[in-house]
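Okay, my_file.tsv now, which holds TSV, C-alpha atoms and all ligand atoms:
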chain	number	residue	atom	x	y	z
A	1	MET	CA	65.47	41.52	-86.01
A	2	LEU	CA	64.31	43.40	-89.07
A	3	ASP	CA	61.19	41.22	-89.07
A	4	GLN	CA	60.40	42.30	-85.57
A	5	LEU	CA	60.94	45.93	-86.50
A	6	ARG	CA	58.50	45.59	-89.36
A	7	ARG	CA	55.79	43.85	-87.37
A	8	MET	CA	55.45	46.52	-84.74
A	9	PRO	CA	51.87	47.66	-84.12
A	10	THR	CA	50.78	51.27	-84.47
A	11	VAL	CA	51.07	53.05	-81.19
A	12	LEU	CA	47.97	54.91	-79.99
A	13	THR	CA	48.24	58.50	-78.83
A	14	ALA	CA	47.34	59.27	-75.23
A	15	ASP	CA	43.90	60.52	-76.34
A	16	GLU	CA	43.22	57.48	-78.46
A	17	LEU	CA	44.26	55.19	-75.65
A	18	MET	CA	41.90	56.89	-73.20
A	19	ASP	CA	39.13	56.81	-75.76
A	20	LYS	CA	39.61	53.11	-76.28
A	21	ALA	CA	39.58	52.38	-72.55
A	22	PHE	CA	36.66	54.59	-71.56
A	23	ARG	CA	34.55	53.74	-74.58
A	24	ARG	CA	34.70	50.05	-73.79
A	25	ALA	CA	34.17	50.62	-70.07
A	26	SER	CA	31.15	52.85	-70.72
A	27	LYS	CA	29.29	49.98	-72.34
A	28	ILE	CA	29.53	47.80	-69.25
A	29	THR	CA	26.48	47.29	-67.04
A	30	LYS	CA	26.11	44.73	-64.28
A	31	ASP	CA	23.16	43.46	-62.24
A	32	GLY	CA	23.32	43.21	-58.48
A	33	ASN	CA	21.14	42.80	-55.38
A	34	GLY	CA	19.65	46.25	-55.11
A	35	PRO	CA	20.80	49.67	-56.33
A	36	LEU	CA	24.04	49.94	-54.28
A	37	ASP	CA	25.21	46.44	-55.21
A	38	THR	CA	24.31	47.03	-58.86
A	39	LYS	CA	26.24	50.30	-58.84
A	40	LYS	CA	29.22	48.66	-57.14
A	41	LYS	CA	29.39	45.71	-59.50
A	42	THR	CA	29.15	48.03	-62.49
A	43	ALA	CA	31.81	50.38	-61.13
A	44	LEU	CA	34.14	47.48	-60.30
A	45	ALA	CA	33.76	46.12	-63.82
A	46	LYS	CA	34.35	49.54	-65.41
A	47	VAL	CA	37.46	50.21	-63.35
A	48	THR	CA	38.83	46.75	-64.08
A	49	ALA	CA	38.11	46.96	-67.79
A	50	SER	CA	39.45	50.47	-68.35
A	51	GLY	CA	42.59	49.77	-66.33
A	52	ASP	CA	43.23	46.40	-67.95
A	53	ILE	CA	42.75	47.70	-71.49
A	54	VAL	CA	45.38	50.35	-70.92
A	55	ILE	CA	47.77	47.97	-69.15
A	56	SER	CA	47.54	45.30	-71.82
A	57	THR	CA	47.93	47.85	-74.61
A	58	LEU	CA	51.04	49.31	-72.99
A	59	ASN	CA	52.45	45.83	-72.37
A	60	SER	CA	51.90	44.91	-75.99
A	61	TYR	CA	54.12	47.84	-76.99
A	62	LEU	CA	56.80	46.79	-74.54
A	63	GLU	CA	56.78	43.30	-75.98
A	64	ALA	CA	56.73	44.41	-79.61
A	65	PHE	CA	59.70	46.76	-79.39
A	66	PRO	CA	63.00	45.01	-79.86
A	67	ARG	CA	65.51	45.54	-77.09
A	68	LEU	CA	68.24	47.28	-78.98
A	69	GLU	CA	71.63	47.75	-77.45
A	70	LYS	CA	74.20	50.04	-78.98
A	71	THR	CA	76.12	47.24	-80.56
A	72	GLU	CA	78.51	47.67	-83.42
A	73	ASP	CA	75.98	46.46	-85.88
A	74	PHE	CA	74.16	47.89	-88.83
A	75	TYR	CA	70.57	48.10	-87.59
A	76	PRO	CA	71.26	49.20	-83.99
A	77	GLN	CA	73.59	51.88	-85.34
A	78	LEU	CA	70.99	53.11	-87.78
A	79	VAL	CA	68.20	53.11	-85.22
A	80	ASP	CA	70.42	54.96	-82.78
A	81	LEU	CA	71.16	57.50	-85.44
A	82	LEU	CA	67.55	57.97	-86.46
A	83	VAL	CA	65.72	57.65	-83.18
A	84	GLY	CA	68.32	57.71	-80.43
A	85	LEU	CA	68.54	54.47	-78.49
A	86	ASP	CA	68.83	56.26	-75.13
A	87	GLN	CA	65.70	58.24	-75.88
A	88	LEU	CA	63.87	55.11	-76.95
A	89	LYS	CA	64.93	53.29	-73.79
A	90	LYS	CA	63.67	56.19	-71.69
A	91	SER	CA	60.29	56.15	-73.41
A	92	LEU	CA	59.90	52.41	-72.99
A	93	GLY	CA	60.87	52.82	-69.33
A	94	ALA	CA	58.16	55.45	-68.86
A	95	ILE	CA	55.58	53.21	-70.48
A	96	ASN	CA	56.60	50.34	-68.25
A	97	TRP	CA	56.26	52.62	-65.22
A	98	ALA	CA	52.76	53.69	-66.33
A	99	ALA	CA	51.54	50.10	-66.71
A	100	TYR	CA	52.79	49.30	-63.22
A	101	ARG	CA	51.29	52.48	-61.74
A	102	ILE	CA	47.89	51.84	-63.31
A	103	GLU	CA	47.83	48.31	-61.93
A	104	LYS	CA	48.43	49.67	-58.41
A	105	LEU	CA	45.83	52.42	-58.81
A	106	LYS	CA	43.31	49.97	-60.15
A	107	ASN	CA	43.72	47.58	-57.23
A	108	GLY	CA	43.55	50.45	-54.74
A	109	TYR	CA	40.33	51.84	-56.22
A	110	LEU	CA	38.75	48.40	-56.52
A	111	SER	CA	39.16	47.76	-52.82
A	112	MET	CA	37.86	51.23	-51.93
A	113	ILE	CA	34.81	50.69	-54.14
A	114	ARG	CA	34.13	47.34	-52.48
A	115	ARG	CA	34.12	49.05	-49.09
A	116	ALA	CA	31.98	52.03	-50.15
A	117	LYS	CA	28.77	52.52	-48.19
A	118	ASN	CA	26.64	54.48	-50.62
A	119	ILE	CA	26.00	55.04	-54.30
A	120	GLU	CA	27.48	58.56	-54.34
A	121	ARG	CA	30.76	57.29	-52.89
A	122	VAL	CA	30.91	54.49	-55.48
A	123	GLU	CA	30.30	56.95	-58.29
A	124	SER	CA	32.86	59.39	-56.98
A	125	LEU	CA	35.49	56.65	-56.64
A	126	ARG	CA	34.84	55.45	-60.17
A	127	ARG	CA	35.25	58.99	-61.45
A	128	GLY	CA	38.34	59.38	-59.29
A	129	PHE	CA	39.94	56.34	-60.89
A	130	TYR	CA	39.13	57.61	-64.38
A	131	GLY	CA	40.81	60.90	-63.48
A	132	ARG	CA	43.94	59.21	-62.15
A	133	LEU	CA	44.06	56.89	-65.15
A	134	SER	CA	43.82	59.84	-67.53
A	135	SER	CA	46.51	61.67	-65.69
A	136	VAL	CA	48.96	58.75	-65.86
A	137	ILE	CA	48.27	58.33	-69.57
A	138	ASN	CA	48.73	62.05	-70.14
A	139	GLN	CA	52.06	61.89	-68.41
A	140	ILE	CA	53.34	59.37	-70.91
A	141	ALA	CA	51.83	61.15	-73.94
A	142	PRO	CA	55.25	62.30	-75.20
A	143	ASN	CA	56.67	58.81	-74.72
A	144	LEU	CA	53.86	57.21	-76.70
A	145	GLU	CA	54.47	59.70	-79.45
A	146	ALA	CA	58.20	59.02	-79.35
A	147	ILE	CA	57.82	55.27	-79.72
A	148	ASN	CA	55.29	55.72	-82.49
A	149	GLN	CA	57.78	57.84	-84.38
A	150	ALA	CA	60.46	55.26	-83.71
A	151	ARG	CA	58.16	52.62	-85.12
A	152	ASP	CA	57.57	54.60	-88.30
A	153	VAL	CA	61.29	55.03	-88.77
A	154	MET	CA	62.09	51.40	-88.04
A	155	ARG	CA	59.55	50.16	-90.51
A	156	GLN	CA	61.35	52.03	-93.25
A	157	LEU	CA	64.80	50.66	-92.65
A	158	PRO	CA	66.36	49.14	-95.72
A	159	SER	CA	65.95	45.41	-96.05
A	160	ILE	CA	69.49	44.23	-96.16
A	161	ASP	CA	70.90	41.03	-94.82
A	162	PRO	CA	74.03	41.98	-92.88
A	163	ASN	CA	75.15	38.35	-92.99
A	164	VAL	CA	75.38	38.12	-96.76
A	165	PRO	CA	78.80	39.12	-98.15
A	166	THR	CA	78.33	42.60	-99.53
A	167	ALA	CA	80.15	44.89	-101.91
A	168	VAL	CA	79.39	48.59	-101.96
A	169	ILE	CA	80.08	50.75	-104.99
A	170	ALA	CA	81.52	54.18	-104.34
A	171	GLY	CA	82.73	57.08	-106.42
A	172	PHE	CA	81.61	60.53	-107.55
A	173	PRO	CA	78.30	61.02	-109.37
A	174	ASN	CA	78.36	60.03	-113.05
A	175	VAL	CA	81.50	57.91	-112.86
A	176	GLY	CA	79.43	54.90	-113.99
A	177	LYS	CA	78.27	53.22	-110.77
A	178	SER	CA	74.71	52.52	-111.91
A	179	GLN	CA	75.84	51.17	-115.26
A	180	LEU	CA	78.27	48.77	-113.65
A	181	MET	CA	75.76	47.72	-111.03
A	182	ALA	CA	73.27	46.86	-113.77
A	183	LEU	CA	75.84	44.65	-115.49
A	184	LEU	CA	76.90	42.87	-112.30
A	185	SER	CA	73.61	42.03	-110.61
A	186	ASN	CA	71.18	39.64	-112.20
A	187	ALA	CA	67.70	40.59	-111.02
A	188	THR	CA	66.23	44.06	-110.94
A	189	PRO	CA	67.79	45.79	-107.98
A	190	THR	CA	65.51	46.98	-105.20
A	191	ILE	CA	65.61	50.51	-103.89
A	192	ALA	CA	65.57	50.78	-100.11
A	193	PRO	CA	65.10	54.01	-98.18
A	194	TYR	CA	68.15	55.23	-96.34
A	195	PRO	CA	68.58	58.16	-93.96
A	196	PHE	CA	69.94	61.39	-95.41
A	197	THR	CA	69.58	60.42	-99.01
A	198	THR	CA	66.37	60.88	-100.91
A	199	LYS	CA	67.53	58.46	-103.56
A	200	GLY	CA	67.71	55.51	-101.20
A	201	ILE	CA	70.25	52.77	-101.61
A	202	ILE	CA	70.06	50.29	-104.42
A	203	VAL	CA	70.51	46.67	-103.51
A	204	GLY	CA	71.36	44.17	-106.21
A	205	HIS	CA	72.05	40.47	-105.88
A	206	ILE	CA	74.70	38.28	-107.38
A	207	GLU	CA	74.43	34.53	-107.25
A	208	TYR	CA	77.40	32.35	-107.82
A	209	ARG	CA	77.07	28.57	-107.42
A	210	TRP	CA	74.28	28.93	-104.81
A	211	GLN	CA	76.24	31.51	-102.91
A	212	LYS	CA	74.42	34.81	-102.54
A	213	PHE	CA	76.12	38.18	-102.54
A	214	GLN	CA	74.75	41.68	-102.25
A	215	ILE	CA	75.94	44.61	-104.23
A	216	ILE	CA	74.88	48.04	-103.11
A	217	ASP	CA	74.92	51.37	-104.89
A	218	THR	CA	74.68	54.31	-102.52
A	219	PRO	CA	73.90	57.44	-104.52
A	220	GLY	CA	74.57	60.52	-102.46
A	221	LEU	CA	76.37	58.71	-99.63
A	222	LEU	CA	79.84	57.77	-100.75
A	223	ASP	CA	80.29	60.53	-103.29
A	224	ARG	CA	81.47	63.30	-101.03
A	225	ARG	CA	84.48	63.58	-98.75
A	226	LEU	CA	83.54	62.62	-95.20
A	227	GLU	CA	85.10	65.86	-93.92
A	228	GLU	CA	82.47	67.81	-95.82
A	229	ARG	CA	79.60	66.17	-93.96
A	230	ASN	CA	78.03	67.12	-90.68
A	231	ALA	CA	78.30	64.70	-87.77
A	232	ILE	CA	74.94	63.04	-88.25
A	233	GLU	CA	75.36	62.54	-91.99
A	234	ARG	CA	78.78	61.10	-91.36
A	235	GLN	CA	77.29	58.61	-88.92
A	236	ALA	CA	74.74	57.58	-91.55
A	237	VAL	CA	77.53	57.02	-94.04
A	238	LEU	CA	79.74	55.23	-91.56
A	239	ALA	CA	76.90	52.88	-90.58
A	240	LEU	CA	77.54	51.36	-94.00
A	241	GLN	CA	80.74	49.88	-92.64
A	242	TYR	CA	78.68	47.30	-90.76
A	243	LEU	CA	77.32	46.06	-94.06
A	244	MET	CA	80.25	46.50	-96.30
A	245	ASP	CA	82.81	43.75	-96.75
A	246	ILE	CA	84.31	45.11	-99.90
A	247	MET	CA	84.24	48.51	-101.48
A	248	VAL	CA	84.48	49.03	-105.19
A	249	PHE	CA	85.72	52.53	-105.90
A	250	LEU	CA	85.14	53.74	-109.42
A	251	ILE	CA	87.55	56.21	-110.95
A	252	ASP	CA	86.51	57.96	-114.14
A	253	ARG	CA	89.79	58.90	-115.81
A	254	SER	CA	87.91	60.37	-118.77
A	255	GLU	CA	86.71	63.01	-116.30
A	256	THR	CA	83.45	63.21	-118.26
A	257	CYS	CA	81.74	62.79	-114.89
A	258	GLY	CA	82.73	66.38	-114.24
A	259	TYR	CA	85.23	65.73	-111.45
A	260	PRO	CA	88.96	66.04	-112.14
A	261	ILE	CA	91.10	63.08	-111.26
A	262	ASP	CA	92.78	64.73	-108.24
A	263	LYS	CA	89.35	65.35	-106.68
A	264	GLN	CA	88.48	61.72	-107.25
A	265	MET	CA	91.71	60.62	-105.58
A	266	ALA	CA	91.01	62.90	-102.61
A	267	LEU	CA	87.58	61.28	-102.23
A	268	LEU	CA	89.17	57.85	-102.33
A	269	GLU	CA	91.63	58.84	-99.58
A	270	SER	CA	88.88	60.25	-97.41
A	271	ILE	CA	86.83	57.10	-97.79
A	272	ARG	CA	89.85	54.89	-97.15
A	273	GLU	CA	90.40	56.68	-93.85
A	274	GLY	CA	86.71	56.52	-92.95
A	275	PHE	CA	86.49	52.77	-93.51
A	276	PRO	CA	89.69	51.29	-92.20
A	277	GLY	CA	89.98	47.56	-92.67
A	278	VAL	CA	87.61	47.44	-95.63
A	279	THR	CA	89.10	45.97	-98.78
A	280	ILE	CA	88.88	48.58	-101.51
A	281	ILE	CA	89.05	47.52	-105.13
A	282	GLU	CA	89.94	50.46	-107.33
A	283	VAL	CA	88.41	50.24	-110.78
A	284	GLU	CA	88.81	52.60	-113.69
A	285	SER	CA	85.55	53.09	-115.57
A	286	LYS	CA	84.79	54.27	-119.10
A	287	ALA	CA	87.88	52.56	-120.55
A	288	ASP	CA	86.49	53.24	-124.03
A	289	ILE	CA	87.02	56.98	-123.66
A	290	SER	CA	89.82	57.13	-121.06
A	291	PRO	CA	93.60	57.29	-121.37
A	292	PRO	CA	95.29	53.88	-120.94
A	293	SER	CA	95.05	52.42	-117.47
A	294	GLU	CA	97.53	53.13	-114.71
A	295	GLY	CA	97.78	49.56	-113.57
A	296	ARG	CA	94.29	49.28	-112.11
A	297	ILE	CA	91.49	47.10	-113.36
A	298	SER	CA	89.91	48.95	-116.21
A	299	ILE	CA	86.43	48.40	-117.56
A	300	SER	CA	83.99	49.79	-120.04
A	301	SER	CA	80.38	49.18	-119.09
A	302	LEU	CA	79.44	50.58	-122.47
A	303	GLU	CA	81.48	48.13	-124.54
A	304	GLY	CA	81.71	45.39	-121.95
A	305	THR	CA	85.49	45.20	-121.96
A	306	GLY	CA	87.01	44.13	-118.67
A	307	VAL	CA	83.65	43.58	-117.03
A	308	GLU	CA	83.89	39.77	-116.93
A	309	GLU	CA	87.42	39.89	-115.50
A	310	PHE	CA	86.26	42.34	-112.90
A	311	ARG	CA	83.24	40.20	-112.01
A	312	GLU	CA	85.50	37.20	-111.46
A	313	LEU	CA	87.82	39.18	-109.24
A	314	LEU	CA	84.92	40.59	-107.22
A	315	ILE	CA	83.36	37.18	-106.77
A	316	ALA	CA	86.70	35.72	-105.67
A	317	GLU	CA	86.96	38.45	-103.02
A	318	LEU	CA	83.37	37.94	-101.89
A	319	LEU	CA	83.94	34.20	-101.65
A	320	LYS	CA	86.84	34.87	-99.30
A	321	VAL	CA	84.49	36.95	-97.19
A	322	ALA	CA	81.90	34.17	-97.22
A	323	GLU	CA	84.50	31.71	-95.98
A	324	ARG	CA	85.61	34.08	-93.27
A	325	LYS	CA	82.02	34.65	-92.18
A	326	GLY	CA	81.29	30.96	-92.30
A	327	CYS	CA	78.41	31.34	-94.72
A	328	ALA	CA	79.96	29.61	-97.72
A	329	THR	CA	77.65	27.02	-99.18
A	330	THR	CA	80.08	25.37	-101.56
A	401	LIG	N1	81.66	56.02	-122.51
A	401	LIG	C1	81.22	55.44	-121.43
A	401	LIG	N2	80.23	56.03	-120.72
A	401	LIG	C2	79.78	55.43	-119.60
A	401	LIG	C3	80.31	54.20	-119.15
A	401	LIG	N3	79.66	53.86	-118.01
A	401	LIG	C4	78.78	54.84	-117.76
A	401	LIG	N4	78.84	55.79	-118.72
A	401	LIG	C5	78.03	57.00	-118.81
A	401	LIG	O1	78.33	57.85	-117.73
A	401	LIG	C6	77.14	58.50	-117.28
A	401	LIG	C7	76.94	58.21	-115.80
A	401	LIG	O2	76.76	56.82	-115.60
A	401	LIG	P1	76.03	56.27	-114.31
A	401	LIG	O3	76.18	54.80	-114.31
A	401	LIG	O4	74.64	56.80	-114.22
A	401	LIG	O5	76.92	56.95	-113.18
A	401	LIG	P2	76.66	57.02	-111.60
A	401	LIG	O6	76.15	58.38	-111.32
A	401	LIG	O7	78.02	56.83	-111.01
A	401	LIG	O8	75.70	55.95	-111.23
A	401	LIG	C8	76.02	57.97	-118.12
A	401	LIG	O9	75.74	58.89	-119.12
A	401	LIG	C9	76.57	56.69	-118.71
A	401	LIG	O10	76.03	56.38	-119.95
A	401	LIG	C10	81.34	53.59	-119.94
A	401	LIG	O11	81.85	52.50	-119.64
A	401	LIG	N5	81.74	54.25	-121.05
A	402	MG	MG	73.86	56.21	-110.25
Can you present the structure in this file as structure tokens?
Ligand SMILES: Nc1nc2c(ncn2[C@@H]2O[C@H](COP(=O)(O)OP(=O)(O)O)[C@@H](O)[C@H]2O)c(=O)[nH]1
Ligand SMILES: [Mg+2]
Amino acid sequence: MLDQLRRMPTVLTADELMDKAFRRASKITKDGNGPLDTKKKTALAKVTASGDIVISTLNSYLEAFPRLEKTEDFYPQLVDLLVGLDQLKKSLGAINWAAYRIEKLKNGYLSMIRRAKNIERVESLRRGFYGRLSSVINQIAPNLEAINQARDVMRQLPSIDPNVPTAVIAGFPNVGKSQLMALLSNATPTIAPYPFTTKGIIVGHIEYRWQKFQIIDTPGLLDRRLEERNAIERQAVLALQYLMDIMVFLIDRSETCGYPIDKQMALLESIREGFPGVTIIEVESKADISPPSEGRISISSLEGTGVEEFRELLIAELLKVAERKGCATT
């Protein structure tokens, strides 16, 4: 589906669409038997061409836009959040209506032009059709604009495969998420835009015996209690649940991140409530400068201690997910 979202054509504005139709139609001239017949043939061709250009352009938009239902899935949820699926549906409905209406108008005017008895009547009918065509296009101007905006938004959605087992790293700023991410994922992570965070989300990849996993760092998204967010931000954060199979929550017991431990625990609780059913692995970071562990996995990204053990545990959990999802390759 993401492919389809990315391939969508630019959507013309109402003015551009009219320009395109009338410019092409204006170049058409036809020969006939005498002045009236010549005028008629030319007018028929202009009406047909201008109408058909608009109809086929509108139909191409209808075909290019994916039919998104509000399913409990990552991309539909994000698109709904960013564009509004109801709004999008309404706009596509209006565009569909316009294509149908123009087809009817075109056929009506073509038969009137065929029956016209003099040049003036032919010319006035041709102008009449142009006027009606413009007016239908103007009526859907806001809808064209809306789907163009939707297209721009959709093209910027992060490229994430919701079918690949995925771990998301959470925790306050400066607890060591980026450091750990760098140690865990092999290739250079890619940064994908994400709504309501200017930093984007960082997608890294882990490969283990031909099995692919994703590991995602979400700066600015999972580092604040959900209660502190407005409704729309919360939805953006919660959309992550459709991606996330496992959450790794980093706790910095050295508190050098600037957040006392009770605040960090409150964040963990808030996130636990927001993402019920997600396996959360609690990991203590900065073991080299922290008090001894309280029974959690403890790592130091700086010195490397505990990182291998943690990687093995994480991979074991992700393999379980792969088996559950039926995407295990080993
Ligand atoms: N001493 C120590 N410092 C660390 C460790 N991991 C990260 N840091 C430091 O903590 C700061 C924040 O790390 P970063 O990974 O950027 O945190 P993020 O904001 O959660 O992504 C940086 O200055 C890191 O060098 C660690 O294991 N030990
Ligand atoms: Mg970071």
Step by step, gather every atom of ligand LIG 401 (chain A) that the file lists, find the box along x, y and z that holds them, add 4 Å on each side, and finally give centre and edge lengths in Å to one decimal, as AutoDock Vina command-line options.
--center_x 78.2 --center_y 55.7 --center_z -116.8 --size_x 15.2 --size_y 14.4 --size_z 19.5
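Computed from the coordinates, the atom CA of Leu5 of chain A to atom CA of Glu63 of chain A distance equals 11.6 Å.
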For chain A versus ligand MG 402 (chain A), which residues have an atom no more than 7 Å away, and what is each residue's nearest atom pair and distance in Å rounded to one decimal, using all atoms listed in the file, chain-then-number order, as CSV?
residue,atom,partner,partner_atom,distance
A:Pro173,CA,A:MG402,MG,6.6
A:Asn174,CA,A:MG402,MG,6.5
A:Gly176,CA,A:MG402,MG,6.8
A:Lys177,CA,A:MG402,MG,5.4
A:Ser178,CA,A:MG402,MG,4.1
A:Pro219,CA,A:MG402,MG,5.9
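Straight-line separation from atom CA of Thr188 of chain A to atom CA of Val203 of chain A: 9.0 Å.
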Which polymer residues have any atom within 10 Å of an atom of segment 83-90 of chain A, counting all atoms listed in the file, with same-chain residues fewer than 2 positions away left out, as a short mmCIF file (atom, residue, chain, number, x, y, z; two decimals) with C-alpha atoms, in the coordinates of the input?
data_model
loop_
_atom_site.label_atom_id
_atom_site.label_comp_id
_atom_site.auth_asym_id
_atom_site.auth_seq_id
_atom_site.Cartn_x
_atom_site.Cartn_y
_atom_site.Cartn_z
CA PHE A 65 59.70 46.76 -79.39
CA ARG A 67 65.51 45.54 -77.09
CA LEU A 68 68.24 47.28 -78.98
CA GLU A 69 71.63 47.75 -77.45
CA LYS A 70 74.20 50.04 -78.98
CA PRO A 76 71.26 49.20 -83.99
CA GLN A 77 73.59 51.88 -85.34
CA LEU A 78 70.99 53.11 -87.78
CA VAL A 79 68.20 53.11 -85.22
CA ASP A 80 70.42 54.96 -82.78
CA LEU A 81 71.16 57.50 -85.44
CA LEU A 92 59.90 52.41 -72.99
CA GLY A 93 60.87 52.82 -69.33
CA ALA A 94 58.16 55.45 -68.86
CA ILE A 95 55.58 53.21 -70.48
CA ASN A 96 56.60 50.34 -68.25
CA ASN A 143 56.67 58.81 -74.72
CA ALA A 146 58.20 59.02 -79.35
CA ILE A 147 57.82 55.27 -79.72
CA GLN A 149 57.78 57.84 -84.38
CA ALA A 150 60.46 55.26 -83.71
CA ARG A 151 58.16 52.62 -85.12
CA VAL A 153 61.29 55.03 -88.77
CA MET A 154 62.09 51.40 -88.04
#
**OP:** Please identify all polymer residues within 9 Å of Tyr242 of chain A, counting all atoms listed in the file, omitting same-chain residues fewer than 3 positions from it, and present them as number ranges by chain.
**Re:** A: 72-75, 77, 162, 238-239, 245
Using only C-alpha atoms, please write the residues we just selected to a file, as a short mmCIF file (atom, residue, chain, number, x, y, z; two decimals), keeping the file's coordinate frame.
data_model
loop_
_atom_site.label_atom_id
_atom_site.label_comp_id
_atom_site.auth_asym_id
_atom_site.auth_seq_id
_atom_site.Cartn_x
_atom_site.Cartn_y
_atom_site.Cartn_z
CA GLU A 72 78.51 47.67 -83.42
CA ASP A 73 75.98 46.46 -85.88
CA PHE A 74 74.16 47.89 -88.83
CA TYR A 75 70.57 48.10 -87.59
CA GLN A 77 73.59 51.88 -85.34
CA PRO A 162 74.03 41.98 -92.88
CA LEU A 238 79.74 55.23 -91.56
CA ALA A 239 76.90 52.88 -90.58
CA ASP A 245 82.81 43.75 -96.75
#
Subject >> For ligand LIG 401 (chain A), the nearest of the candidates A:Tyr194, A:Phe172, A:Phe129, A:Tyr100, counting all atoms listed in the file >> reply: A:Phe172
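With distances restricted to all atoms listed in the file, A:Gly171 is the closest residue to ligand LIG 401 (chain A) from A:Gly306, A:Gly171, A:Pro193, A:Gly326.
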Original post:
What separation in Å, quoted to one decimal, exists between atom CA of Ile113 of chain A and atom CA of Ser56 of chain A?
Top reply: 22.4 Å
**OP:** Residues within 9 Å of ligand LIG 401 (chain A), counting only C-alpha atoms and all ligand atoms: report them as a VMD selection string.
**Re:** chain A and resid 169 to 182 217 to 219 223 250 252 254 256 to 257 285 to 290 299 to 305
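With distances restricted to all atoms listed in the file, A:Thr166 is the closest residue to Val248 of chain A from A:Thr166, A:Ser270, A:Thr198, A:Asn230.
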Non-local contacts of Thr190 of chain A (10 Å; all atoms listed in the file; under 6 positions in same chain excluded) as a tab-separated table (two decimals) with C-alpha atoms, keeping the file's coordinate frame:
chain	number	residue	atom	x	y	z
A	158	PRO	CA	66.36	49.14	-95.72
A	159	SER	CA	65.95	45.41	-96.05
A	200	GLY	CA	67.71	55.51	-101.20
A	201	ILE	CA	70.25	52.77	-101.61
A	202	ILE	CA	70.06	50.29	-104.42
A	203	VAL	CA	70.51	46.67	-103.51
A	204	GLY	CA	71.36	44.17	-106.21
A	205	HIS	CA	72.05	40.47	-105.88
A	216	ILE	CA	74.88	48.04	-103.11
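In terms of minimum interatomic distance to Ser91 of chain A, A:Glu145 ranks closest within A:Arg126, A:Glu103, A:Glu145, A:Asn163, counting all atoms listed in the file.
Ranking A:Arg101, A:Val164, A:Ala43, A:Ala192 by their shortest atom-to-atom distance to Arg121 of chain A, with only C-alpha atoms included, puts A:Ala43 first.
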**OP:** Fewer than 2 positions away in the same chain doesn't count, so skip those; otherwise give me all residues within 12 Å of Ala116 of chain A, counting all atoms listed in the file, as a PyMOL selection string.
**Re:** chain A and resi 36-37+39-41+43-44+109-114+118-126
Subject >> Exercise: Asp262 of chain A partners within 12 Å, all atoms listed in the file, chain neighbours under 5 positions left out, as number ranges by chain >> reply: A: 172, 251-253, 255, 267-269
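Nearest to Ile53 of chain A of all the residues A:Ala141, A:Leu82, A:Lys20, A:Lys30 is A:Lys20, counting all atoms listed in the file.
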